[in-house]
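> Before anything else, here's the structure in question.
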There are 2 protein chains.
Amino acid sequence: MDAETRALGFEHALRRAGIRITRQRAALLRVLASAEDHPDATQLFQRATEAGAGVSLATVYRTLSALEAQGVVLKVEFAGEPARFEPADGKHHDHMIDVETGEVTEFVSDRIERLQAEIAAELGYEIVRHRLELYVRRKT
Amino acid sequence: MDAETRALGFEHALRRAGIRITRQRAALLRVLASAEDHPDATQLFQRATEAGAGVSLATVYRTLSALEAQGVVLKVEFAGEPARFEPADGKHHDHMIDVETGEVTEFVSDRIERLQAEIAAELGYEIVRHRLELYVRRKT
DNA sequence: ATCCCTGCAAACCCTTTGCAGCGCA
DNA sequence: TGCGCTGCAAAGGGTTTGCAGGGAT
């Protein structure tokens, strides 16, 4: 999915929820839609500002909350850093964080997912959501 | 392991690192050692206060940091709440959080651990630490 | 013309820290 | 007695919010 298609998806999701697309939001959605990494609110603010969006940090947070509430953006909170945000299209995945470089890699493991569900079920629970992060180092 | 044995272990770890056992710390260690749940700093502060320890919240944080640095206490950060602390004796485990009651259950899965290591290895990494939390709901 | 939105700054929550005096070892 | 410790209060970082004016629908 290209960035503009994704941005339009964001707009649609907001409009559907009766949320207005302002100049600031339109700009922000595009910044977010084209992010390849996992930026935090401050980085999104900077990028939007560089793009001439004239947005305040408060609006960045407010828009991210709205997008998250609509389920089109995921907030990811790694240990000891500000929350990061990623588009929620695409399939579920977990994260691997290189502790030396900070680089984030996404991965999926159906087997782990299945085991998690089994463990929960054994204790009489069903999984609502989960968080799995591997903090790793490049093997020597 | 009973609470007092655990508390003595904490004291030993601190002393070994050249850290003094003050009245406040001794009290705090006992509160922590006898915690069955996963209390956060404020709760530990309250319990210590109720026990007549005369401790300040700052000291609670400072002592917890020291214990964590010695590896005898683990700081656990669940999504959207203050950090919790648990004694680090016993074996590694992950956490399951009941989203309705907030109750925390510990669990282990060697198979998941193994799969994590495999996934990291496939990408040329080795795991430094990981975080796995299942947010669950009692099955109907 | 509505209301929702915006920017700003202040407020928030959790946690850390500077300081001057206190008390373990 | 030395040096780490303590309480207090202020600072800190990330995030949220109250307010009065502005703009999308």
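Residue numbers start at 1 in each chain; chains themselves are named A, B, ... in the order of the structure tokens; ligands are numbered from 1 in the order shown.
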Can you list, as a PyMOL selection string, all residues belonging to chain A that DSSP tags as alpha helix (DSSP H)?
chain A and resi 3-16+23-33+41-50+57-69+110-122
> Could I have chain A as an mmCIF file with C-alpha atoms, in the first residue's frame after it is superimposed on chain B by least squares, pairing all C-alpha atoms in sequence order?

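Contents of part.cif, as written:
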```
data_model
loop_
_atom_site.group_PDB
_atom_site.id
_atom_site.type_symbol
_atom_site.label_atom_id
_atom_site.label_comp_id
_atom_site.auth_asym_id
_atom_site.auth_seq_id
_atom_site.Cartn_x
_atom_site.Cartn_y
_atom_site.Cartn_z
ATOM 1 C CA MET A 1 11.278 -19.059 50.289
ATOM 2 C CA ASP A 2 9.750 -17.200 53.214
ATOM 3 C CA ALA A 3 9.593 -13.446 53.442
ATOM 4 C CA GLU A 4 12.291 -12.989 56.058
ATOM 5 C CA THR A 5 14.775 -15.165 54.198
ATOM 6 C CA ARG A 6 14.093 -13.143 51.117
ATOM 7 C CA ALA A 7 14.525 -9.892 53.025
ATOM 8 C CA LEU A 8 17.875 -11.065 54.327
ATOM 9 C CA GLY A 9 18.865 -11.892 50.772
ATOM 10 C CA PHE A 10 18.063 -8.325 49.762
ATOM 11 C CA GLU A 11 20.139 -6.981 52.635
ATOM 12 C CA HIS A 12 23.040 -9.174 51.701
ATOM 13 C CA ALA A 13 22.915 -8.055 48.091
ATOM 14 C CA LEU A 14 22.929 -4.407 49.109
ATOM 15 C CA ARG A 15 25.694 -4.757 51.669
ATOM 16 C CA ARG A 16 27.820 -6.636 49.173
ATOM 17 C CA ALA A 17 27.534 -3.631 46.900
ATOM 18 C CA GLY A 18 28.633 -1.301 49.691
ATOM 19 C CA ILE A 19 25.132 0.031 50.199
ATOM 20 C CA ARG A 20 24.097 0.761 53.758
ATOM 21 C CA ILE A 21 21.115 -0.827 55.423
ATOM 22 C CA THR A 22 19.281 1.995 57.062
ATOM 23 C CA ARG A 23 16.170 1.763 59.182
ATOM 24 C CA GLN A 24 14.103 2.875 56.173
ATOM 25 C CA ARG A 25 15.633 0.358 53.856
ATOM 26 C CA ALA A 26 15.343 -2.523 56.266
ATOM 27 C CA ALA A 27 11.629 -1.794 56.606
ATOM 28 C CA LEU A 28 11.142 -1.416 52.897
ATOM 29 C CA LEU A 29 12.932 -4.646 52.120
ATOM 30 C CA ARG A 30 10.572 -6.479 54.391
ATOM 31 C CA VAL A 31 7.529 -4.941 52.800
ATOM 32 C CA LEU A 32 8.836 -5.898 49.400
ATOM 33 C CA ALA A 33 9.892 -9.369 50.480
ATOM 34 C CA SER A 34 6.447 -10.175 51.768
ATOM 35 C CA ALA A 35 4.508 -8.807 48.796
ATOM 36 C CA GLU A 36 2.487 -11.510 47.079
ATOM 37 C CA ASP A 37 1.160 -9.203 44.418
ATOM 38 C CA HIS A 38 3.073 -6.879 42.108
ATOM 39 C CA PRO A 39 3.014 -3.550 43.937
ATOM 40 C CA ASP A 40 4.097 -0.231 42.471
ATOM 41 C CA ALA A 41 6.236 2.350 44.249
ATOM 42 C CA THR A 42 3.274 4.173 45.762
ATOM 43 C CA GLN A 43 1.805 0.992 47.178
ATOM 44 C CA LEU A 44 5.149 0.019 48.669
ATOM 45 C CA PHE A 45 5.382 3.484 50.160
ATOM 46 C CA GLN A 46 1.927 3.125 51.700
ATOM 47 C CA ARG A 47 2.619 -0.305 53.109
ATOM 48 C CA ALA A 48 5.925 0.811 54.564
ATOM 49 C CA THR A 49 4.242 3.835 56.060
ATOM 50 C CA GLU A 50 1.475 1.715 57.590
ATOM 51 C CA ALA A 51 4.195 -0.465 59.052
ATOM 52 C CA GLY A 52 5.541 2.624 60.763
ATOM 53 C CA ALA A 53 8.686 2.803 58.681
ATOM 54 C CA GLY A 54 8.776 6.572 58.310
ATOM 55 C CA VAL A 55 10.014 6.459 54.736
ATOM 56 C CA SER A 56 9.676 9.018 51.986
ATOM 57 C CA LEU A 57 8.592 8.161 48.478
ATOM 58 C CA ALA A 58 11.964 9.361 47.179
ATOM 59 C CA THR A 59 13.712 6.786 49.325
ATOM 60 C CA VAL A 60 11.370 4.097 48.072
ATOM 61 C CA TYR A 61 12.378 4.890 44.515
ATOM 62 C CA ARG A 62 16.053 5.131 45.408
ATOM 63 C CA THR A 63 16.016 1.797 47.203
ATOM 64 C CA LEU A 64 14.150 0.092 44.402
ATOM 65 C CA SER A 65 16.728 1.362 41.923
ATOM 66 C CA ALA A 66 19.531 0.003 44.063
ATOM 67 C CA LEU A 67 17.839 -3.381 44.368
ATOM 68 C CA GLU A 68 17.207 -3.490 40.657
ATOM 69 C CA ALA A 69 20.824 -2.582 39.924
ATOM 70 C CA GLN A 70 21.880 -5.514 42.117
ATOM 71 C CA GLY A 71 19.569 -7.761 40.185
ATOM 72 C CA VAL A 72 17.494 -8.866 43.152
ATOM 73 C CA VAL A 73 14.361 -6.977 42.181
ATOM 74 C CA LEU A 74 12.675 -6.756 38.790
ATOM 75 C CA LYS A 75 10.897 -3.685 37.536
ATOM 76 C CA VAL A 76 7.868 -4.607 35.450
ATOM 77 C CA GLU A 77 6.187 -1.992 33.315
ATOM 78 C CA PHE A 78 2.723 -2.879 32.102
ATOM 79 C CA ALA A 79 0.941 -0.744 29.546
ATOM 80 C CA GLY A 80 -0.373 2.515 30.902
ATOM 81 C CA GLU A 81 0.363 2.074 34.567
ATOM 82 C CA PRO A 82 3.147 2.942 36.987
ATOM 83 C CA ALA A 83 6.012 0.447 37.170
ATOM 84 C CA ARG A 84 5.570 -2.529 39.466
ATOM 85 C CA PHE A 85 8.268 -4.412 41.309
ATOM 86 C CA GLU A 86 8.806 -8.058 42.144
ATOM 87 C CA PRO A 87 11.532 -10.058 43.913
ATOM 88 C CA ALA A 88 13.863 -11.582 41.337
ATOM 89 C CA ASP A 89 14.539 -14.852 43.069
ATOM 90 C CA GLY A 90 12.726 -17.793 41.504
ATOM 91 C CA LYS A 91 12.765 -18.533 37.826
ATOM 92 C CA HIS A 92 12.021 -16.338 34.874
ATOM 93 C CA HIS A 93 8.367 -15.915 34.023
ATOM 94 C CA ASP A 94 6.049 -13.745 31.988
ATOM 95 C CA HIS A 95 2.800 -12.074 32.932
ATOM 96 C CA MET A 96 -0.844 -12.390 32.120
ATOM 97 C CA ILE A 97 -3.010 -9.430 33.091
ATOM 98 C CA ASP A 98 -6.788 -9.731 33.469
ATOM 99 C CA VAL A 99 -8.002 -6.555 31.779
ATOM 100 C CA GLU A 100 -11.191 -6.584 33.820
ATOM 101 C CA THR A 101 -9.839 -7.110 37.315
ATOM 102 C CA GLY A 102 -6.231 -6.062 36.893
ATOM 103 C CA GLU A 103 -5.156 -9.337 38.444
ATOM 104 C CA VAL A 104 -1.693 -10.487 37.401
ATOM 105 C CA THR A 105 -0.814 -14.143 36.874
ATOM 106 C CA GLU A 106 2.690 -15.387 36.245
ATOM 107 C CA PHE A 107 3.349 -18.107 33.721
ATOM 108 C CA VAL A 108 6.236 -19.830 31.985
ATOM 109 C CA SER A 109 6.502 -21.442 28.596
ATOM 110 C CA ASP A 110 9.762 -22.988 27.603
ATOM 111 C CA ARG A 111 8.383 -23.487 24.137
ATOM 112 C CA ILE A 112 7.763 -19.786 23.679
ATOM 113 C CA GLU A 113 11.207 -18.984 25.048
ATOM 114 C CA ARG A 114 12.751 -21.373 22.599
ATOM 115 C CA LEU A 115 10.809 -19.958 19.680
ATOM 116 C CA GLN A 116 11.870 -16.453 20.599
ATOM 117 C CA ALA A 117 15.512 -17.489 20.612
ATOM 118 C CA GLU A 118 15.067 -19.185 17.245
ATOM 119 C CA ILE A 119 13.480 -16.141 15.678
ATOM 120 C CA ALA A 120 16.217 -13.876 16.954
ATOM 121 C CA ALA A 121 18.905 -16.299 15.807
ATOM 122 C CA GLU A 122 17.428 -16.486 12.305
ATOM 123 C CA LEU A 123 17.899 -12.751 11.998
ATOM 124 C CA GLY A 124 21.418 -12.895 13.394
ATOM 125 C CA TYR A 125 20.578 -11.714 16.894
ATOM 126 C CA GLU A 126 20.738 -13.084 20.387
ATOM 127 C CA ILE A 127 18.199 -12.128 23.014
ATOM 128 C CA VAL A 128 19.312 -9.842 25.815
ATOM 129 C CA ARG A 129 15.946 -9.741 27.511
ATOM 130 C CA HIS A 130 12.350 -9.851 26.434
ATOM 131 C CA ARG A 131 8.942 -8.757 27.502
ATOM 132 C CA LEU A 132 5.818 -10.792 27.003
ATOM 133 C CA GLU A 133 2.494 -9.734 28.400
ATOM 134 C CA LEU A 134 -0.883 -11.263 27.694
ATOM 135 C CA TYR A 135 -3.807 -8.975 28.364
ATOM 136 C CA VAL A 136 -6.671 -11.390 28.860
ATOM 137 C CA ARG A 137 -10.331 -11.747 29.756
ATOM 138 C CA ARG A 138 -11.968 -14.599 31.639
ATOM 139 C CA LYS A 139 -13.495 -16.915 29.093
ATOM 140 C CA THR A 140 -17.291 -17.061 29.151
#
```
> May I ask for the distance between C1' of DA10 (chain D) and C1' of DA10 (chain C), given in Å to one decimal place?
16.6 Å
> DSSP on the backbone, then: every residue of chain B marked strand (DSSP E or B), written as a ChimeraX atom specification.
/B:40,73-76,84-87,94-98,104-107,125-138
> Give me the chain C side of the contact with chain A, cut-off 10 Å, one line per residue showing its nearest atom pair and distance in Å at one decimal, counting only C-alpha atoms (C1' of nucleotides), sorted by chain and residue number, as a tab-separated table.

```
residue	atom	partner	partner_atom	distance
C:DC4	C1'	A:Arg20	CA	7.2
C:DC5	C1'	A:Thr22	CA	7.8
C:DT6	C1'	A:Thr59	CA	7.4
C:DG7	C1'	A:Ser56	CA	6.5
C:DC8	C1'	A:Ser56	CA	9.1
```
> Generate the output file for the selected residues, N, CA, C and O atoms (P, O5', C5', C4', C3', O3' and C1' of nucleotides), as a JSON list (two decimals), in the first residue's frame.

```
[["chain", "number", "residue", "atom", "x", "y", "z"],
["C", 4, "DC", "P", -19.32, 18.94, 18.38],
["C", 4, "DC", "O5'", -17.92, 18.88, 17.64],
["C", 4, "DC", "C5'", -17.88, 18.51, 16.28],
["C", 4, "DC", "C4'", -16.54, 18.95, 15.72],
["C", 4, "DC", "C3'", -15.37, 18.44, 16.54],
["C", 4, "DC", "O3'", -14.38, 17.97, 15.62],
["C", 4, "DC", "C1'", -15.26, 20.79, 16.36],
["C", 5, "DC", "P", -13.07, 17.47, 16.06],
["C", 5, "DC", "O5'", -12.13, 18.73, 15.91],
["C", 5, "DC", "C5'", -11.82, 19.17, 14.59],
["C", 5, "DC", "C4'", -11.05, 20.45, 14.68],
["C", 5, "DC", "C3'", -9.73, 20.31, 15.43],
["C", 5, "DC", "O3'", -8.68, 20.20, 14.47],
["C", 5, "DC", "C1'", -10.95, 22.26, 16.10],
["C", 6, "DT", "P", -7.23, 20.03, 14.96],
["C", 6, "DT", "O5'", -6.76, 21.48, 15.42],
["C", 6, "DT", "C5'", -6.43, 22.44, 14.43],
["C", 6, "DT", "C4'", -6.03, 23.73, 15.10],
["C", 6, "DT", "C3'", -4.81, 23.56, 15.99],
["C", 6, "DT", "O3'", -3.67, 24.07, 15.31],
["C", 6, "DT", "C1'", -6.58, 24.78, 17.09],
["C", 7, "DG", "P", -2.26, 23.79, 15.80],
["C", 7, "DG", "O5'", -2.02, 25.00, 16.82],
["C", 7, "DG", "C5'", -2.06, 26.34, 16.36],
["C", 7, "DG", "C4'", -1.85, 27.28, 17.52],
["C", 7, "DG", "C3'", -0.58, 26.99, 18.33],
["C", 7, "DG", "O3'", 0.08, 28.24, 18.56],
["C", 7, "DG", "C1'", -2.49, 26.84, 19.75],
["C", 8, "DC", "P", 1.48, 28.34, 19.16],
["C", 8, "DC", "O5'", 1.21, 28.63, 20.70],
["C", 8, "DC", "C5'", 0.39, 29.74, 21.06],
["C", 8, "DC", "C4'", 0.03, 29.63, 22.53],
["C", 8, "DC", "C3'", 1.20, 29.20, 23.43],
["C", 8, "DC", "O3'", 1.58, 30.33, 24.22],
["C", 8, "DC", "C1'", -0.84, 28.07, 23.97]]
```
> At a cut-off of 12 Å, using only C-alpha atoms (C1' of nucleotides), what residues contact DT1 (chain D)? Leave out same-chain residues fewer than 6 positions from it and give the result as a short mmCIF file (atom, residue, chain, number, x, y, z; two decimals) with N, CA and C atoms (P, O5', C5', C4', C3', O3' and C1' of nucleotides), in the first residue's frame.

```cif
data_model
loop_
_atom_site.label_atom_id
_atom_site.label_comp_id
_atom_site.auth_asym_id
_atom_site.auth_seq_id
_atom_site.Cartn_x
_atom_site.Cartn_y
_atom_site.Cartn_z
P DG C 23 19.37 11.05 62.77
"O5'" DG C 23 20.25 9.85 62.23
"C5'" DG C 23 19.77 9.07 61.14
"C4'" DG C 23 20.82 8.02 60.82
"C3'" DG C 23 21.37 7.29 62.03
"O3'" DG C 23 21.79 6.03 61.59
"C1'" DG C 23 23.12 8.36 61.00
P DC C 24 20.92 4.77 62.12
"O5'" DC C 24 21.33 3.66 61.03
"C5'" DC C 24 22.59 3.32 61.05
"C4'" DC C 24 23.11 2.93 59.71
"C3'" DC C 24 24.02 1.74 59.86
"O3'" DC C 24 24.09 1.03 58.64
"C1'" DC C 24 25.28 3.72 59.51
P DA C 25 24.81 -0.44 58.79
"O5'" DA C 25 26.37 -0.12 58.70
"C5'" DA C 25 26.91 0.25 57.44
"C4'" DA C 25 28.41 0.42 57.59
"C3'" DA C 25 29.08 -0.77 58.27
"O3'" DA C 25 30.28 -1.07 57.59
"C1'" DA C 25 29.57 1.22 59.45
#
```
> For DT6 (chain D), which residue out of C:DA9, C:DA20, C:DC3, C:DC14 is the nearest one, using only C-alpha atoms (C1' of nucleotides)?
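For DT6 (chain D), the nearest of the candidates is C:DA20.
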> When you get a sec, could you note down which chain D residues fall within 8 Å of chain B, using only C-alpha atoms (C1' of nucleotides), as a list in words?
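That gives the following set of residues: DG4, DC5, DT6 and DG7 of chain D.
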